[in-house]
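Below: the structure, in structure tokens.
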Amino acid sequence: MSRVPVSVVVPCFRPAATVERAAASVSAQSAKPLELILVDDGSGDGTAALLQRLAERLGRDWVKVIELPANRGPSAARNAGWGAATGELVAFLDADDAWHPRKLELQYAFMREHPGVALSGHGYSMHEIRGELALPLRATRIELRHLLLRNRFVVPSIMVRRGLPLRFPEDRRHMEDHLFVCMLAQKGYRLELLDAPLAVLYKPQFGAAGQSADLIAMERGELSNYRALHRQGAYGAPALLALYGWSLAKFLRRLAVVAWRRLAPR
């Protein structure tokens, strides 16, 4: 099997029910990555031992385990794996998600053919892999104005150049990936979105547990992101106020969607 110079980073916080599925989807890639880096984010529940057993089974020649001494959040875990990566490119996968078998093959080929792209992402499907792909893939340039209205990149789709100077912000635990891609776009880095569902998500993007507290934390995170970008000079006060209004409208819609999920017959 061919290898591609991509390091795969999977942050893990008490992931016993799903991490083997995630790792299996990496191992089953048509183009195997250079390495798989599993980062235990201070789980404190036996996760470290589970990851060590998984590395032993999959092969320690390409699977690494990093154990953080305390829980620091997904950004810190991703950054720790990124810092230990040796591949030219770094791809991120969450422990409760999975990849299409051709994800690395196709996305790496795109990044290799477009050296000016700092970050690429792609679409996703829910709960199951879509086998048939429309090839060749098409790419769309994503700019800051697109990201301010909606985050176009789910974390399991992100692939970056290892040498990028920016990292995931570790001072927040909600919407941190949104701020990361916005900061890249603001600084002029080229971001591209591929039109293929190469990731599989197994829970909704918001309100998966039906708890409004999570939605409130997400909303606060998004508003905090807008303020941070405003302070960095991305836009003026009128645009900030408009973004606040847009964000609050989305928040109300999410509340309605979660309420409908609770009431809908099962």
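Following the order of the structure tokens, first chain is A, next is B, and so on, with residues numbered from 1 inside each chain and ligands from 1 in the order they appear.
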
For A:Asn71, work out the shell of residues within 9 Å, counting only C-alpha atoms and skipping chain neighbours fewer than 5 positions away, then give it as a PyMOL selection string. chain A and resi 13+40-44+76-77

Using N, CA and C atoms, can you write the selected residues to a file as a PDB file, in the first residue's frame?
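Saved file result14.pdb follows:
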ATOM      1  N   PHE A  13     -10.840  12.213  24.207  1.00  0.00           N
ATOM      2  CA  PHE A  13     -11.244  12.414  25.598  1.00  0.00           C
ATOM      3  C   PHE A  13     -12.348  11.408  25.914  1.00  0.00           C
ATOM      4  N   ASP A  40      -4.345  11.443  23.995  1.00  0.00           N
ATOM      5  CA  ASP A  40      -5.232  11.337  25.148  1.00  0.00           C
ATOM      6  C   ASP A  40      -5.241  12.675  25.880  1.00  0.00           C
ATOM      7  N   ASP A  41      -6.385  13.339  25.861  1.00  0.00           N
ATOM      8  CA  ASP A  41      -6.502  14.667  26.451  1.00  0.00           C
ATOM      9  C   ASP A  41      -6.849  14.573  27.942  1.00  0.00           C
ATOM     10  N   GLY A  42      -5.964  13.939  28.708  1.00  0.00           N
ATOM     11  CA  GLY A  42      -6.146  13.849  30.146  1.00  0.00           C
ATOM     12  C   GLY A  42      -7.452  13.192  30.544  1.00  0.00           C
ATOM     13  N   SER A  43      -7.817  12.092  29.891  1.00  0.00           N
ATOM     14  CA  SER A  43      -9.103  11.454  30.146  1.00  0.00           C
ATOM     15  C   SER A  43      -9.233  10.928  31.573  1.00  0.00           C
ATOM     16  N   GLY A  44      -8.152  10.337  32.096  1.00  0.00           N
ATOM     17  CA  GLY A  44      -8.162   9.851  33.467  1.00  0.00           C
ATOM     18  C   GLY A  44      -9.091   8.682  33.724  1.00  0.00           C
ATOM     19  N   ALA A  76      -5.928  22.146  22.398  1.00  0.00           N
ATOM     20  CA  ALA A  76      -4.621  21.773  22.947  1.00  0.00           C
ATOM     21  C   ALA A  76      -4.222  20.380  22.485  1.00  0.00           C
ATOM     22  N   ALA A  77      -5.170  19.449  22.445  1.00  0.00           N
ATOM     23  CA  ALA A  77      -4.863  18.088  22.003  1.00  0.00           C
ATOM     24  C   ALA A  77      -4.474  18.073  20.523  1.00  0.00           C
TER      25      ALA A  77
END

Contacts of A:Tyr235 within 12 Å, only C-alpha atoms, excl. fewer than 4 positions in-chain, as a PDB file with N, CA and C atoms, in the first residue's frame:
ATOM      1  N   LEU A 144     -12.805  34.944   4.075  1.00  0.00           N
ATOM      2  CA  LEU A 144     -13.292  35.311   5.399  1.00  0.00           C
ATOM      3  C   LEU A 144     -14.775  35.646   5.374  1.00  0.00           C
ATOM      4  N   ARG A 145     -15.227  36.346   4.342  1.00  0.00           N
ATOM      5  CA  ARG A 145     -16.639  36.739   4.294  1.00  0.00           C
ATOM      6  C   ARG A 145     -17.558  35.522   4.274  1.00  0.00           C
ATOM      7  N   LEU A 148     -17.530  34.027   7.992  1.00  0.00           N
ATOM      8  CA  LEU A 148     -18.219  34.812   9.014  1.00  0.00           C
ATOM      9  C   LEU A 148     -19.706  34.466   9.079  1.00  0.00           C
ATOM     10  N   GLN A 186      -8.228  35.600   7.387  1.00  0.00           N
ATOM     11  CA  GLN A 186      -7.954  37.017   7.606  1.00  0.00           C
ATOM     12  C   GLN A 186      -6.516  37.373   7.244  1.00  0.00           C
ATOM     13  N   TYR A 226     -16.291  36.621  16.863  1.00  0.00           N
ATOM     14  CA  TYR A 226     -16.529  37.868  16.139  1.00  0.00           C
ATOM     15  C   TYR A 226     -15.828  39.045  16.814  1.00  0.00           C
ATOM     16  N   ARG A 227     -15.869  39.073  18.143  1.00  0.00           N
ATOM     17  CA  ARG A 227     -15.186  40.157  18.857  1.00  0.00           C
ATOM     18  C   ARG A 227     -13.679  40.082  18.655  1.00  0.00           C
ATOM     19  N   ALA A 228     -13.129  38.864  18.713  1.00  0.00           N
ATOM     20  CA  ALA A 228     -11.689  38.703  18.539  1.00  0.00           C
ATOM     21  C   ALA A 228     -11.246  39.165  17.158  1.00  0.00           C
ATOM     22  N   LEU A 229     -11.998  38.815  16.131  1.00  0.00           N
ATOM     23  CA  LEU A 229     -11.645  39.220  14.771  1.00  0.00           C
ATOM     24  C   LEU A 229     -11.796  40.730  14.597  1.00  0.00           C
ATOM     25  N   HIS A 230     -12.802  41.298  15.253  1.00  0.00           N
ATOM     26  CA  HIS A 230     -12.964  42.756  15.221  1.00  0.00           C
ATOM     27  C   HIS A 230     -11.754  43.444  15.850  1.00  0.00           C
ATOM     28  N   ARG A 231     -11.292  42.923  16.992  1.00  0.00           N
ATOM     29  CA  ARG A 231     -10.125  43.513  17.652  1.00  0.00           C
ATOM     30  C   ARG A 231      -8.870  43.392  16.794  1.00  0.00           C
ATOM     31  N   ALA A 239     -20.093  46.222  11.022  1.00  0.00           N
ATOM     32  CA  ALA A 239     -20.094  44.820  10.609  1.00  0.00           C
ATOM     33  C   ALA A 239     -20.205  43.904  11.824  1.00  0.00           C
ATOM     34  N   LEU A 240     -19.550  44.272  12.920  1.00  0.00           N
ATOM     35  CA  LEU A 240     -19.633  43.464  14.138  1.00  0.00           C
ATOM     36  C   LEU A 240     -21.076  43.387  14.623  1.00  0.00           C
ATOM     37  N   LEU A 241     -21.778  44.506  14.633  1.00  0.00           N
ATOM     38  CA  LEU A 241     -23.174  44.506  15.067  1.00  0.00           C
ATOM     39  C   LEU A 241     -24.043  43.657  14.139  1.00  0.00           C
ATOM     40  N   ALA A 242     -23.778  43.744  12.838  1.00  0.00           N
ATOM     41  CA  ALA A 242     -24.536  42.936  11.883  1.00  0.00           C
ATOM     42  C   ALA A 242     -24.287  41.446  12.107  1.00  0.00           C
ATOM     43  N   LEU A 243     -23.047  41.092  12.392  1.00  0.00           N
ATOM     44  CA  LEU A 243     -22.714  39.689  12.649  1.00  0.00           C
ATOM     45  C   LEU A 243     -23.360  39.196  13.942  1.00  0.00           C
TER      46      LEU A 243
END

Do you know which residues are at most 9 Å from stretch 52-64 of chain A counting only C-alpha atoms, after dropping those on the same chain fewer than 5 positions away, and could you put them as a PyMOL selection string? chain A and resi 20+23-24+27+33-39+47

What's around A:Leu194 at 7 Å? Count only C-alpha atoms, leave out sequence neighbours fewer than 6 positions away in its own chain, and write the answer as a PDB file with C-alpha atoms, in the first residue's frame.
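Contents of the output file out_22.pdb:
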ATOM      1  CA  GLY A 121     -11.540  20.762   3.635  1.00  0.00           C
ATOM      2  CA  HIS A 122     -14.425  18.831   2.149  1.00  0.00           C
ATOM      3  CA  GLY A 123     -18.012  17.812   2.692  1.00  0.00           C
ATOM      4  CA  LEU A 137     -13.382  16.811  -7.409  1.00  0.00           C
ATOM      5  CA  ARG A 138     -14.186  20.496  -7.702  1.00  0.00           C
ATOM      6  CA  ALA A 139     -12.769  23.061  -5.296  1.00  0.00           C
ATOM      7  CA  THR A 140     -14.190  26.388  -4.128  1.00  0.00           C
TER       8      THR A 140
END

Using only C-alpha atoms, which residues sit within 9 Å of A:Ala85 once same-chain residues fewer than 5 positions away are excluded, as a list in words? Val6, Ser7, Val8, Val9, Glu35, Leu36, Ile37, Ala80, Val90 and Arg162 of chain A

Give me, as JSON, numbers by chain, the residues of stretch 7-208 of chain A that a backbone DSSP run labels helix (DSSP H, G or I). {"A": [19, 20, 21, 22, 23, 24, 25, 26, 27, 47, 48, 49, 50, 51, 52, 53, 54, 55, 56, 57, 58, 74, 75, 76, 77, 78, 79, 80, 81, 82, 83, 84, 103, 104, 105, 106, 107, 108, 109, 110, 111, 112, 113, 144, 145, 146, 147, 148, 149, 155, 156, 157, 176, 177, 178, 179, 180, 181, 182, 183, 184, 185, 186]}

Residue contacts of A:Glu105 (8 Å, only C-alpha atoms) excluding same-chain residues fewer than 5 positions away, as an MDAnalysis selection string: chainID A and resid 4 29:31

Any idea what's packed within 9 Å of stretch 96-102 of chain A, counting only C-alpha atoms, ignoring anything in its chain fewer than 3 positions away? Could you give it as an mmCIF file with C-alpha atoms, in the first residue's frame?
data_model
loop_
_atom_site.group_PDB
_atom_site.id
_atom_site.type_symbol
_atom_site.label_atom_id
_atom_site.label_comp_id
_atom_site.auth_asym_id
_atom_site.auth_seq_id
_atom_site.Cartn_x
_atom_site.Cartn_y
_atom_site.Cartn_z
ATOM 1 C CA CYS A 12 -9.277 11.667 22.445
ATOM 2 C CA PRO A 15 -13.536 7.913 23.485
ATOM 3 C CA ALA A 17 -17.126 3.757 22.360
ATOM 4 C CA THR A 18 -15.908 5.247 19.072
ATOM 5 C CA VAL A 19 -12.136 5.601 18.743
ATOM 6 C CA ARG A 21 -14.041 2.988 14.464
ATOM 7 C CA ALA A 22 -12.169 6.238 13.800
ATOM 8 C CA ALA A 23 -8.764 4.531 13.789
ATOM 9 C CA ALA A 24 -10.063 1.723 11.565
ATOM 10 C CA SER A 25 -11.185 4.294 8.987
ATOM 11 C CA VAL A 26 -7.627 5.685 8.944
ATOM 12 C CA SER A 27 -6.081 2.242 8.675
ATOM 13 C CA ALA A 28 -8.418 1.384 5.773
ATOM 14 C CA GLN A 29 -7.344 4.352 3.627
ATOM 15 C CA SER A 30 -6.493 3.632 0.005
ATOM 16 C CA ALA A 31 -3.390 5.781 0.582
ATOM 17 C CA LEU A 93 -10.119 13.488 12.739
ATOM 18 C CA GLU A 105 -5.725 9.743 -1.471
ATOM 19 C CA LEU A 106 -7.932 12.448 -2.984
ATOM 20 C CA GLN A 107 -7.235 15.303 -0.583
ATOM 21 C CA TYR A 124 -19.392 15.100 4.927
ATOM 22 C CA HIS A 127 -24.022 8.164 9.838
ATOM 23 C CA ILE A 129 -20.146 6.419 4.072
ATOM 24 C CA ARG A 130 -21.241 7.411 0.592
ATOM 25 C CA GLY A 131 -19.422 5.010 -1.656
ATOM 26 C CA PRO A 156 -12.644 15.888 10.301
ATOM 27 C CA SER A 157 -12.246 17.470 6.865
ATOM 28 C CA PRO A 197 -18.389 13.865 1.339
ATOM 29 C CA LEU A 198 -15.077 12.394 2.501
ATOM 30 C CA ALA A 199 -15.919 12.458 6.224
ATOM 31 C CA VAL A 200 -18.670 10.716 8.157
ATOM 32 C CA LEU A 201 -20.227 12.369 11.206
ATOM 33 C CA TYR A 202 -22.217 10.292 13.651
ATOM 34 C CA LYS A 203 -23.933 13.072 15.574
#

Using only C-alpha atoms, which of the listed residues (A:Arg261, A:Arg3, A:Arg14, A:Arg141) sits closest to A:Ala95?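 For A:Ala95, the nearest of the given residues is A:Arg14.
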
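For the atom pair formed by atom CA of A:Lys187 and atom CA of A:Trp82, the distance is 20.2 Å, given to one decimal.
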
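Among the candidate residues A:Gly73, A:Pro165, A:Gly236, A:Gly188, the one lying nearest to A:Glu143 is A:Gly188, with distances computed using only C-alpha atoms.
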